[in-house]
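Novice: My structure file query.cif, mmCIF, C-alpha atoms, is below:
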data_target
loop_
_atom_site.label_atom_id
_atom_site.label_comp_id
_atom_site.auth_asym_id
_atom_site.auth_seq_id
_atom_site.Cartn_x
_atom_site.Cartn_y
_atom_site.Cartn_z
CA MET A 1 -22.87 -27.92 21.47
CA THR A 2 -20.57 -28.89 18.61
CA LYS A 3 -23.35 -30.93 17.02
CA GLU A 4 -25.65 -27.95 17.29
CA LEU A 5 -23.05 -25.65 15.76
CA GLU A 6 -22.36 -28.15 13.02
CA HIS A 7 -26.03 -28.40 12.18
CA LYS A 8 -26.35 -24.62 12.07
CA PHE A 9 -23.29 -24.33 9.87
CA ILE A 10 -24.36 -26.98 7.38
CA SER A 11 -27.87 -25.55 7.07
CA GLU A 12 -26.59 -22.03 6.47
CA PHE A 13 -23.82 -23.16 4.19
CA GLN A 14 -26.27 -25.18 2.13
CA LYS A 15 -28.31 -22.05 1.48
CA HIS A 16 -25.34 -20.05 0.23
CA GLN A 17 -23.24 -22.80 -1.35
CA ASN A 18 -23.51 -21.13 -4.75
CA ILE A 19 -20.90 -18.57 -3.70
CA ILE A 20 -18.35 -21.35 -3.29
CA HIS A 21 -19.33 -23.03 -6.54
CA LYS A 22 -18.76 -19.73 -8.27
CA VAL A 23 -15.29 -19.35 -6.73
CA CYS A 24 -14.50 -22.85 -7.99
CA ARG A 25 -15.84 -21.97 -11.43
CA ILE A 26 -13.33 -19.13 -11.68
CA TYR A 27 -10.33 -20.98 -10.26
CA THR A 28 -10.70 -24.44 -11.72
CA ASN A 29 -11.53 -25.73 -15.14
CA ASN A 30 -12.54 -29.30 -14.67
CA GLN A 31 -15.05 -31.08 -12.52
CA GLU A 32 -12.57 -32.91 -10.36
CA ALA A 33 -10.57 -29.81 -9.49
CA HIS A 34 -13.84 -28.01 -8.83
CA ASN A 35 -14.89 -30.64 -6.29
CA ASP A 36 -11.47 -30.68 -4.69
CA LEU A 37 -11.36 -26.92 -4.18
CA PHE A 38 -14.99 -26.89 -3.05
CA GLN A 39 -14.10 -29.42 -0.38
CA GLU A 40 -11.11 -27.46 0.90
CA ILE A 41 -13.08 -24.20 1.09
CA THR A 42 -15.92 -25.93 2.96
CA ILE A 43 -13.46 -27.35 5.49
CA GLN A 44 -11.82 -23.94 5.96
CA LEU A 45 -15.23 -22.32 6.45
CA TRP A 46 -16.21 -24.89 9.03
CA LYS A 47 -12.90 -24.48 10.86
CA ALA A 48 -13.42 -20.71 11.01
CA TYR A 49 -17.13 -20.91 11.83
CA PRO A 50 -16.85 -21.06 15.66
CA LYS A 51 -15.22 -17.61 15.49
CA PHE A 52 -18.05 -16.23 13.40
CA ARG A 53 -19.94 -13.75 15.54
CA GLY A 54 -22.52 -12.58 13.12
CA ASP A 55 -21.36 -8.96 13.23
CA SER A 56 -20.57 -9.29 9.55
CA LYS A 57 -22.67 -11.15 7.05
CA LEU A 58 -21.98 -14.84 6.64
CA THR A 59 -21.86 -14.36 2.88
CA THR A 60 -19.06 -11.77 3.28
CA TRP A 61 -17.15 -14.42 5.20
CA MET A 62 -17.78 -16.95 2.50
CA TYR A 63 -16.39 -14.66 -0.19
CA ARG A 64 -13.27 -14.00 1.86
CA ILE A 65 -12.54 -17.53 2.93
CA GLY A 66 -13.44 -18.83 -0.50
CA LEU A 67 -10.98 -16.54 -2.24
CA ASN A 68 -8.28 -16.89 0.43
CA THR A 69 -8.43 -20.64 0.12
CA ALA A 70 -8.34 -20.58 -3.67
CA ILE A 71 -5.47 -18.09 -3.83
CA THR A 72 -3.36 -18.98 -0.81
CA LEU A 73 -4.25 -22.08 1.16
CA TYR A 74 -5.25 -24.55 -1.50
CA ARG A 75 -2.77 -27.01 -2.92
CA LYS A 76 -3.79 -28.97 -5.97
CA SER A 77 -4.18 -32.57 -4.97
CA LYS A 78 -1.78 -34.98 -6.60
CA ARG A 79 -4.37 -37.65 -7.09
CA SER A 80 -6.05 -35.67 -9.85
CA ILE A 81 -6.68 -37.83 -12.88
CA GLN A 82 -6.39 -36.26 -16.28
CA THR A 83 -9.87 -35.20 -17.19
CA GLN A 84 -10.75 -33.06 -20.12
CA ASP A 85 -10.89 -29.51 -18.94
CA PHE A 86 -13.73 -27.11 -19.65
CA ASP A 87 -11.57 -24.81 -21.74
CA THR A 88 -10.36 -27.50 -24.11
CA VAL A 89 -13.90 -28.59 -24.70
CA LEU A 90 -14.88 -25.02 -25.43
CA HIS A 91 -11.82 -24.48 -27.57
CA LYS A 92 -12.69 -27.43 -29.78
CA ILE A 93 -16.15 -26.12 -30.46
CA GLU A 94 -14.76 -22.70 -31.10
CA SER A 95 -12.22 -23.84 -33.69
CA THR A 96 -14.56 -26.07 -35.64
CA LYS A 97 -16.95 -23.37 -36.55
CA TYR A 98 -16.43 -19.70 -36.12
CA ASP A 99 -19.28 -17.32 -36.09
CA ASP A 100 -19.63 -14.12 -34.24
CA THR A 101 -22.38 -15.11 -31.88
CA GLU A 102 -22.63 -14.12 -28.25
CA GLU A 103 -21.94 -17.67 -27.26
CA GLU A 104 -18.60 -17.72 -29.02
CA GLN A 105 -17.62 -14.49 -27.31
CA LEU A 106 -18.53 -15.88 -23.92
CA LYS A 107 -16.49 -19.00 -24.45
CA LEU A 108 -13.48 -16.90 -25.32
CA MET A 109 -14.12 -14.74 -22.25
CA TYR A 110 -14.16 -17.66 -19.85
CA LYS A 111 -11.09 -19.06 -21.45
CA ALA A 112 -9.32 -15.73 -21.04
CA ILE A 113 -10.38 -15.54 -17.40
CA HIS A 114 -8.82 -18.93 -16.73
CA GLN A 115 -5.54 -17.61 -18.04
CA LEU A 116 -5.46 -14.65 -15.64
CA SER A 117 -3.30 -14.66 -12.50
CA ASP A 118 -4.86 -15.75 -9.19
CA ILE A 119 -5.17 -12.16 -8.00
CA ASP A 120 -6.73 -10.96 -11.26
CA LYS A 121 -9.22 -13.81 -11.09
CA ALA A 122 -10.28 -12.62 -7.63
CA LEU A 123 -10.84 -9.11 -8.94
CA ILE A 124 -12.88 -10.18 -11.94
CA PHE A 125 -14.88 -12.56 -9.77
CA LEU A 126 -15.81 -9.80 -7.33
CA TYR A 127 -16.65 -7.54 -10.26
CA LEU A 128 -18.99 -10.19 -11.68
CA GLU A 129 -20.57 -10.47 -8.25
CA ASP A 130 -21.28 -6.72 -8.28
CA LYS A 131 -19.10 -5.96 -5.28
CA SER A 132 -18.15 -2.36 -4.60
CA TYR A 133 -14.54 -1.22 -4.91
CA LYS A 134 -14.55 -0.71 -1.16
CA GLU A 135 -15.43 -4.35 -0.61
CA ILE A 136 -12.97 -5.52 -3.26
CA SER A 137 -10.12 -3.56 -1.69
CA ASP A 138 -11.04 -4.84 1.80
CA THR A 139 -11.20 -8.45 0.66
CA ILE A 140 -7.91 -8.46 -1.20
CA GLY A 141 -6.11 -6.02 1.05
CA ILE A 142 -5.10 -3.40 -1.49
CA SER A 143 -6.08 0.25 -1.69
CA GLU A 144 -9.28 1.24 -3.49
CA VAL A 145 -7.31 3.25 -6.05
CA ASN A 146 -5.13 0.26 -6.86
CA ALA A 147 -8.16 -1.98 -7.09
CA ARG A 148 -9.66 0.38 -9.69
CA VAL A 149 -6.43 0.62 -11.68
CA LYS A 150 -5.97 -3.12 -11.69
CA MET A 151 -9.58 -3.78 -12.57
CA ASN A 152 -9.41 -1.42 -15.54
CA ARG A 153 -6.32 -3.20 -16.78
CA ILE A 154 -8.05 -6.58 -16.57
CA LYS A 155 -11.13 -5.28 -18.34
CA THR A 156 -9.03 -3.82 -21.14
CA ARG A 157 -7.16 -7.10 -21.41
CA LEU A 158 -10.36 -9.07 -21.70
CA ARG A 159 -11.76 -6.67 -24.27
CA THR A 160 -8.66 -6.84 -26.45
CA ILE A 161 -8.83 -10.62 -26.41
CA LEU A 162 -12.22 -10.33 -28.05
CA ASN A 163 -11.35 -7.46 -30.37
CA PRO A 164 -7.70 -7.85 -31.27
CA MET B 1 -23.73 -4.39 -25.69
CA ASP B 2 -20.31 -4.24 -24.07
CA GLU B 3 -18.55 -7.62 -23.89
CA LEU B 4 -18.15 -7.36 -20.15
CA ASP B 5 -21.85 -6.66 -19.64
CA LEU B 6 -22.54 -9.71 -21.72
CA LEU B 7 -20.26 -11.72 -19.47
CA LYS B 8 -21.94 -10.36 -16.35
CA LYS B 9 -25.36 -11.22 -17.71
CA ASP B 10 -24.25 -14.76 -18.49
CA TRP B 11 -22.61 -15.09 -15.08
CA LYS B 12 -25.94 -14.29 -13.44
CA LYS B 13 -27.73 -16.68 -15.75
CA GLN B 14 -25.41 -19.50 -14.69
CA GLU B 15 -26.47 -19.01 -11.08
CA SER B 16 -29.11 -21.73 -11.37
CA SER B 17 -26.84 -24.23 -13.10
CA TYR B 18 -24.49 -24.97 -10.18
CA PRO B 19 -24.81 -28.24 -8.30
CA LYS B 20 -26.88 -28.20 -5.12
CA LEU B 21 -25.23 -30.33 -2.48
CA SER B 22 -27.52 -31.98 0.03
CA TYR B 23 -27.17 -31.67 3.81
CA ASN B 24 -25.62 -35.13 3.96
CA GLU B 25 -23.13 -34.43 1.22
CA ILE B 26 -21.96 -31.28 3.01
CA TYR B 27 -21.86 -33.18 6.30
CA LYS B 28 -19.44 -35.66 4.74
CA ILE B 29 -17.19 -32.90 3.42
CA VAL B 30 -17.11 -31.15 6.80
CA HIS B 31 -15.69 -34.33 8.32
CA LYS B 32 -12.89 -34.62 5.78
CA LYS B 33 -9.34 -33.51 6.48
CA SER B 34 -7.92 -30.28 5.18
CA SER B 35 -4.82 -30.34 2.99
CA SER B 36 -4.10 -26.62 3.14
CA ILE B 37 -0.56 -25.27 2.97
CA VAL B 38 -0.91 -23.82 6.47
CA LYS B 39 -1.35 -27.33 7.79
CA TRP B 40 1.68 -28.54 5.86
CA ILE B 41 3.78 -25.62 7.02
CA PHE B 42 2.83 -26.39 10.61
CA ILE B 43 3.83 -30.05 10.27
CA ILE B 44 7.12 -29.18 8.57
CA CYS B 45 7.98 -26.52 11.14
CA ILE B 46 7.40 -28.91 14.02
CA ALA B 47 9.55 -31.48 12.25
CA GLU B 48 12.32 -28.90 11.93
CA PHE B 49 12.18 -28.02 15.62
CA LEU B 50 12.38 -31.71 16.50
CA PHE B 51 15.15 -32.42 14.00
CA TRP B 52 17.45 -29.70 15.29
CA GLY B 53 16.53 -30.56 18.86
CA PHE B 54 17.43 -34.21 18.39
CA ILE B 55 20.62 -33.55 16.50
CA ASN B 56 22.03 -32.01 19.67
CA LEU B 57 21.10 -35.08 21.68
CA LEU B 58 22.76 -37.36 19.18
CA ILE B 59 26.28 -36.11 19.94
CA PRO B 60 28.18 -39.23 21.10
CA GLU B 61 29.62 -39.44 24.61
CA SER B 62 33.17 -39.62 23.26
CA PHE B 63 32.79 -36.06 22.04
CA PHE B 64 32.38 -34.89 25.59
CA ASP B 65 35.71 -36.52 26.48
CA ILE B 66 37.33 -34.44 23.82
CA TYR B 67 35.69 -31.30 25.12
CA GLU B 68 36.77 -32.25 28.61
CA LYS B 69 40.36 -32.61 27.50
CA LEU B 70 40.17 -29.30 25.75
CA HIS B 71 38.79 -27.72 28.96
CA LEU B 72 35.70 -26.70 27.06
CA MET B 73 33.10 -28.29 29.29
CA SER B 74 31.96 -25.16 31.10
CA PHE B 75 31.97 -23.24 27.83
CA LEU B 76 29.84 -26.00 26.36
CA LYS B 77 27.43 -26.02 29.28
CA ILE B 78 26.88 -22.29 29.08
CA SER B 79 26.34 -22.41 25.33
CA TYR B 80 23.85 -25.26 25.85
CA ILE B 81 21.82 -23.24 28.34
CA LEU B 82 21.89 -20.24 26.02
CA HIS B 83 20.92 -22.45 23.14
CA TYR B 84 17.84 -23.80 24.90
CA VAL B 85 16.77 -20.30 25.91
CA VAL B 86 16.98 -19.30 22.25
CA VAL B 87 15.00 -22.41 21.23
CA VAL B 88 12.23 -21.55 23.69
CA VAL B 89 12.10 -18.00 22.31
CA PHE B 90 11.86 -19.36 18.78
CA ILE B 91 9.08 -21.77 19.69
CA TYR B 92 7.17 -18.95 21.36
CA LEU B 93 7.55 -16.69 18.30
CA PHE B 94 6.52 -19.49 15.98
CA TYR B 95 3.45 -20.26 18.08
CA LYS B 96 2.51 -16.58 18.23
CA ASN B 97 2.84 -16.09 14.47
CA TYR B 98 1.11 -19.33 13.65
CA ASN B 99 -1.80 -18.47 15.89
CA SER B 100 -2.21 -15.10 14.22
CA ILE B 101 -2.87 -16.74 10.83
CA CYS B 102 -6.53 -16.07 10.24
CA VAL B 103 -8.39 -17.18 7.16
CA ILE B 104 -10.83 -14.25 7.36
CA ASP B 105 -8.09 -11.65 7.03
CA SER B 106 -7.69 -9.91 3.70
CA THR B 107 -5.74 -11.91 1.12
CA SER B 108 -2.58 -9.84 1.40
CA LEU B 109 -2.59 -9.87 5.22
CA LEU B 110 -3.12 -13.63 5.27
CA MET B 111 -0.16 -14.13 2.94
CA LYS B 112 1.98 -11.80 5.02
CA LYS B 113 1.24 -13.78 8.18
CA ILE B 114 1.96 -17.13 6.57
CA ILE B 115 5.27 -15.85 5.20
CA LYS B 116 6.16 -14.41 8.63
CA THR B 117 5.46 -17.72 10.35
CA ARG B 118 7.57 -19.57 7.83
CA LYS B 119 10.37 -17.02 8.23
CA THR B 120 10.50 -17.57 12.00
CA VAL B 121 11.40 -21.18 11.40
CA ASN B 122 13.88 -20.24 8.68
CA TYR B 123 15.68 -18.01 11.15
CA TYR B 124 15.68 -20.90 13.60
CA VAL B 125 17.38 -23.12 11.05
CA TYR B 126 19.89 -20.38 10.15
CA TYR B 127 20.61 -19.91 13.84
CA ASN B 128 21.33 -23.62 14.23
CA ILE B 129 23.65 -23.70 11.23
CA ILE B 130 25.53 -20.61 12.35
CA MET B 131 25.86 -21.96 15.89
CA THR B 132 27.19 -25.29 14.61
CA VAL B 133 29.74 -23.56 12.39
CA ILE B 134 30.85 -21.09 15.10
CA LEU B 135 31.20 -23.83 17.71
CA SER B 136 33.24 -26.03 15.42
CA ILE B 137 35.46 -23.08 14.49
CA ILE B 138 36.08 -22.30 18.17
CA VAL B 139 36.85 -25.92 18.97
CA ASN B 140 39.17 -26.17 15.98
CA ILE B 141 41.04 -22.99 16.86
CA ILE B 142 41.60 -24.14 20.42
CA MET B 143 42.72 -27.57 19.27
CA PHE B 144 45.07 -26.36 16.59
CA SER B 145 46.66 -23.73 18.81
CA ASP B 146 48.01 -26.43 21.13
CA SER B 147 49.79 -29.18 19.24
CA VAL B 148 50.39 -31.39 22.29
CA LEU B 149 46.75 -31.27 23.16
CA LEU B 150 45.79 -31.83 19.55
CA ASN B 151 47.83 -35.03 19.36
CA GLU B 152 46.33 -36.13 22.62
CA VAL B 153 42.86 -35.66 21.24
CA ILE B 154 43.17 -37.14 17.79
CA ASN B 155 45.55 -39.91 18.71
CA PRO B 156 44.90 -40.73 22.36
CA LYS B 157 46.38 -44.21 22.19
CA HIS B 158 49.61 -42.88 20.66
CA LEU B 159 49.41 -45.23 17.74
CA ASP B 160 52.20 -45.09 15.29
CA ILE B 161 50.63 -43.08 12.54
CA ASP B 162 51.57 -39.93 10.76
CA GLU B 163 49.95 -37.23 12.81
CA ASN B 164 50.16 -34.60 10.11
CA ARG B 165 48.21 -36.88 7.85
CA LEU B 166 45.68 -37.47 10.57
CA ILE B 167 45.14 -33.73 11.02
CA TYR B 168 44.78 -33.40 7.28
CA ILE B 169 42.18 -36.19 7.18
CA MET B 170 40.33 -34.65 10.07
CA LEU B 171 40.12 -31.29 8.34
CA ILE B 172 38.94 -32.83 5.07
CA ALA B 173 36.33 -34.88 6.95
CA GLN B 174 35.02 -31.74 8.60
CA ILE B 175 34.79 -29.88 5.31
CA ILE B 176 33.03 -32.79 3.62
CA GLY B 177 30.61 -33.04 6.55
CA LEU B 178 29.84 -29.35 6.26
CA LEU B 179 29.32 -29.55 2.50
CA ILE B 180 26.94 -32.50 2.87
CA MET B 181 24.98 -30.60 5.48
CA ILE B 182 24.72 -27.50 3.28
CA GLY B 183 23.78 -29.64 0.28
CA LEU B 184 21.00 -31.39 2.17
CA LEU B 185 19.66 -28.08 3.45
CA TRP B 186 19.74 -26.57 0.00
CA LEU B 187 17.81 -29.53 -1.40
CA TYR B 188 15.36 -29.37 1.46
CA TYR B 189 14.62 -25.70 0.96
CA LYS B 190 14.31 -26.12 -2.79
CA LEU B 191 11.64 -28.72 -2.04
CA ILE B 192 9.82 -26.74 0.62
CA TYR B 193 9.80 -23.51 -1.32
CA GLY B 194 9.48 -25.07 -4.70
CA ILE B 195 6.51 -27.23 -3.92
CA LEU B 196 4.77 -25.54 -1.06
CA LEU B 197 5.38 -21.85 -1.33
CA ARG B 198 5.95 -21.05 -4.98
CA LYS B 199 2.33 -20.11 -5.62
CA LEU B 200 2.10 -18.08 -2.44
CA ASN B 201 5.32 -16.18 -3.08
CA LYS B 202 4.28 -15.42 -6.65
CA ASN B 203 0.88 -14.08 -5.63
CA TYR B 204 2.35 -12.12 -2.76
CA LYS B 205 4.87 -10.48 -5.07
CA GLU B 206 2.07 -9.53 -7.44
CA LEU B 207 0.19 -7.78 -4.64
CA GLU B 208 3.34 -6.13 -3.37
CA THR B 209 4.28 -4.63 -6.74
CA LEU B 210 0.73 -3.33 -6.96
CA GLU B 211 1.02 -1.44 -3.70
CA VAL B 212 4.36 0.22 -4.42
#
Can I see the file as structure tokens?
Specialist:
Amino acid sequence: MTKELEHKFISEFQKHQNIIHKVCRIYTNNQEAHNDLFQEITIQLWKAYPKFRGDSKLTTWMYRIGLNTAITLYRKSKRSIQTQDFDTVLHKIESTKYDDTEEEQLKLMYKAIHQLSDIDKALIFLYLEDKSYKEISDTIGISEVNARVKMNRIKTRLRTILNP
Amino acid sequence: MDELDLLKKDWKKQESSYPKLSYNEIYKIVHKKSSSIVKWIFIICIAEFLFWGFINLLIPESFFDIYEKLHLMSFLKISYILHYVVVVVFIYLFYKNYNSICVIDSTSLLMKKIIKTRKTVNYYVYYNIIMTVILSIIVNIIMFSDSVLLNEVINPKHLDIDENRLIYIMLIAQIIGLLIMIGLLWLYYKLIYGILLRKLNKNYKELETLEV
């Protein structure tokens, strides 16, 4: 029974694993941290899977558990070795030559996102994933109005970073 | 084009660039151990229950002689029974709160439940400290109100020593003991909250201020 469940979980998870990679992309900025968070989210998903009844979509579950793990449950592992983080790499490129291309803007955007608070990261992530305000407010547990207000603030903040 | 639309477009473009883990790689991860804060909180809470449980058992036999002399045995027995009833209630509450922690809840509800579980154990620790202090105050009051009895207790062999000094030393020793206990607890909580719960408390506060 457990073997069967495990097989079902791994097969389904494999199909949708991109969701978790995307959560890790928002919350971590180097490969090692990415793998570490990915591992913890996968374990949490597997632990919760026996309770999954299929009345909601599995992907909805994955968004929730992914974000909950990143924001609340996950503790950075101490064994992390200093690796060069994504942002520093981007920053170096950005400072050596400045031109107003789309690429430069994107680099600055991602860098700005990594500086947001954990909650703000969740909001921007769900926005990038085209989730409705209803779903955003349900996932985070705030009212829809507050989700809108907060989202607008984050958007303005990101825009001013690009156009100071 | 708006900067955010640009970002969204790029985000979608990246979709194909993420690693694709194989069945076997995922299988390996599934069999690894979690290191989530909920797991750590559980371990620490159990350790706290055991610690305060054992501390009561560690009271040396000679203490009971003192209580006997002070005619406090029945008082002590009743407070022990009450104490264990309270402990059982605490363990039940902890178990109930811990069980309610559900990773599919909304972020704010999940945080609320974790904080509630942690608080149950905090109250348990406060209860133990308060009980220890109250009991020692009661015992002290009874002892100091009867000087004959006091001498009997602190100097049972009637050795030739200055009894006033002995009382003084005993008081100082009690105060030092209390200070060490408070110091250790303070350090312990700094560690628990500093390392384990700082992130959670910060994020929870952010959500709370949002909802006001």
Novice: For a quick check of your reading of the model, name the residues lying within 12 Å of the coordinate (-23.9, -19.8, 1.8), counting all atoms listed in the file, and write them as an NGL selection string.
Specialist: (:A and (8-22 or 41-42 or 45-46 or 57-63 or 65-66)) or (:B and (20-21 or 26))
Novice: For the residues in the current selection, export C-alpha atoms as a PDB file, keeping the file's coordinate frame.
Specialist:
ATOM      1  CA  LYS A   8     -26.350 -24.620  12.070  1.00  0.00           C
ATOM      2  CA  PHE A   9     -23.290 -24.330   9.870  1.00  0.00           C
ATOM      3  CA  ILE A  10     -24.360 -26.980   7.380  1.00  0.00           C
ATOM      4  CA  SER A  11     -27.870 -25.550   7.070  1.00  0.00           C
ATOM      5  CA  GLU A  12     -26.590 -22.030   6.470  1.00  0.00           C
ATOM      6  CA  PHE A  13     -23.820 -23.160   4.190  1.00  0.00           C
ATOM      7  CA  GLN A  14     -26.270 -25.180   2.130  1.00  0.00           C
ATOM      8  CA  LYS A  15     -28.310 -22.050   1.480  1.00  0.00           C
ATOM      9  CA  HIS A  16     -25.340 -20.050   0.230  1.00  0.00           C
ATOM     10  CA  GLN A  17     -23.240 -22.800  -1.350  1.00  0.00           C
ATOM     11  CA  ASN A  18     -23.510 -21.130  -4.750  1.00  0.00           C
ATOM     12  CA  ILE A  19     -20.900 -18.570  -3.700  1.00  0.00           C
ATOM     13  CA  ILE A  20     -18.350 -21.350  -3.290  1.00  0.00           C
ATOM     14  CA  HIS A  21     -19.330 -23.030  -6.540  1.00  0.00           C
ATOM     15  CA  LYS A  22     -18.760 -19.730  -8.270  1.00  0.00           C
ATOM     16  CA  ILE A  41     -13.080 -24.200   1.090  1.00  0.00           C
ATOM     17  CA  THR A  42     -15.920 -25.930   2.960  1.00  0.00           C
ATOM     18  CA  LEU A  45     -15.230 -22.320   6.450  1.00  0.00           C
ATOM     19  CA  TRP A  46     -16.210 -24.890   9.030  1.00  0.00           C
ATOM     20  CA  LYS A  57     -22.670 -11.150   7.050  1.00  0.00           C
ATOM     21  CA  LEU A  58     -21.980 -14.840   6.640  1.00  0.00           C
ATOM     22  CA  THR A  59     -21.860 -14.360   2.880  1.00  0.00           C
ATOM     23  CA  THR A  60     -19.060 -11.770   3.280  1.00  0.00           C
ATOM     24  CA  TRP A  61     -17.150 -14.420   5.200  1.00  0.00           C
ATOM     25  CA  MET A  62     -17.780 -16.950   2.500  1.00  0.00           C
ATOM     26  CA  TYR A  63     -16.390 -14.660  -0.190  1.00  0.00           C
ATOM     27  CA  ILE A  65     -12.540 -17.530   2.930  1.00  0.00           C
ATOM     28  CA  GLY A  66     -13.440 -18.830  -0.500  1.00  0.00           C
TER      29      GLY A  66
ATOM     30  CA  LYS B  20     -26.880 -28.200  -5.120  1.00  0.00           C
ATOM     31  CA  LEU B  21     -25.230 -30.330  -2.480  1.00  0.00           C
ATOM     32  CA  ILE B  26     -21.960 -31.280   3.010  1.00  0.00           C
TER      33      ILE B  26
END
Novice: Which of these, B:Ile138, B:Leu109, B:Val133, B:Gln174, has the shortest distance to Glu208 of chain B once you count only C-alpha atoms?
Specialist: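 Ranked by minimum distance to Glu208 of chain B, first place goes to B:Leu109.
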Novice: Once the PyMOL selection byres ((chain B) within 8 of (chain A)) has been evaluated on this model, what residues remain selected, and can you format them as a ChimeraX atom specification?
Specialist: /B:3-4,6-8,10-11,15,18-23,26-27,29-38,103-111,196,199-200,203,206-207,210-211
Novice: May I ask for the distance between atom CA of Tyr127 of chain B and atom CA of Leu187 of chain B, given in Å to one decimal place?
Specialist: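 Computing it gives 18.2 Å between the two atoms.
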Novice: In Å, with one decimal, what is the gap from atom CA of Arg148 of chain A to atom CA of Tyr133 of chain A?
Specialist: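 A separation of 7.0 Å between them.
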Novice: Grab the atom CA of Thr117 of chain B to atom CA of Ile129 of chain B distance for me, in Å with one decimal place.
Specialist: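 We find that atom CA of Thr117 of chain B and atom CA of Ile129 of chain B lie 19.2 Å from each other.
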Novice: Once you add 4 Å to each side, what are the centre and edge lengths of the axis-aligned box holding all listed atoms of segment 117-134 of chain B? One decimal in Å, as AutoDock Vina command-line options, if you can.
Specialist:
--center_x 18.2 --center_y -21.2 --center_z 11.9 --size_x 33.4 --size_y 16.3 --size_z 16.1
Novice: Expanded to explicit residues, what is the PyMOL selection byres ((chain A and resi 26) around 8) for this file, as a ChimeraX atom specification?
Specialist: /A:22-25,27-29,113-114,121,125
Novice: How would the residues just picked look written out with C-alpha atoms as a short mmCIF file (atom, residue, chain, number, x, y, z; two decimals), in the coordinates of the input?
Specialist:
data_model
loop_
_atom_site.label_atom_id
_atom_site.label_comp_id
_atom_site.auth_asym_id
_atom_site.auth_seq_id
_atom_site.Cartn_x
_atom_site.Cartn_y
_atom_site.Cartn_z
CA LYS A 22 -18.76 -19.73 -8.27
CA VAL A 23 -15.29 -19.35 -6.73
CA CYS A 24 -14.50 -22.85 -7.99
CA ARG A 25 -15.84 -21.97 -11.43
CA TYR A 27 -10.33 -20.98 -10.26
CA THR A 28 -10.70 -24.44 -11.72
CA ASN A 29 -11.53 -25.73 -15.14
CA ILE A 113 -10.38 -15.54 -17.40
CA HIS A 114 -8.82 -18.93 -16.73
CA LYS A 121 -9.22 -13.81 -11.09
CA PHE A 125 -14.88 -12.56 -9.77
#
Novice: Which residues would end up in the selection if the PyMOL selection byres ((chain B and resi 144) around 12) were applied here, given that I need the answer as a PyMOL selection string?
Specialist: chain B and resi 70+136-143+145-154+164+167-168+170-171
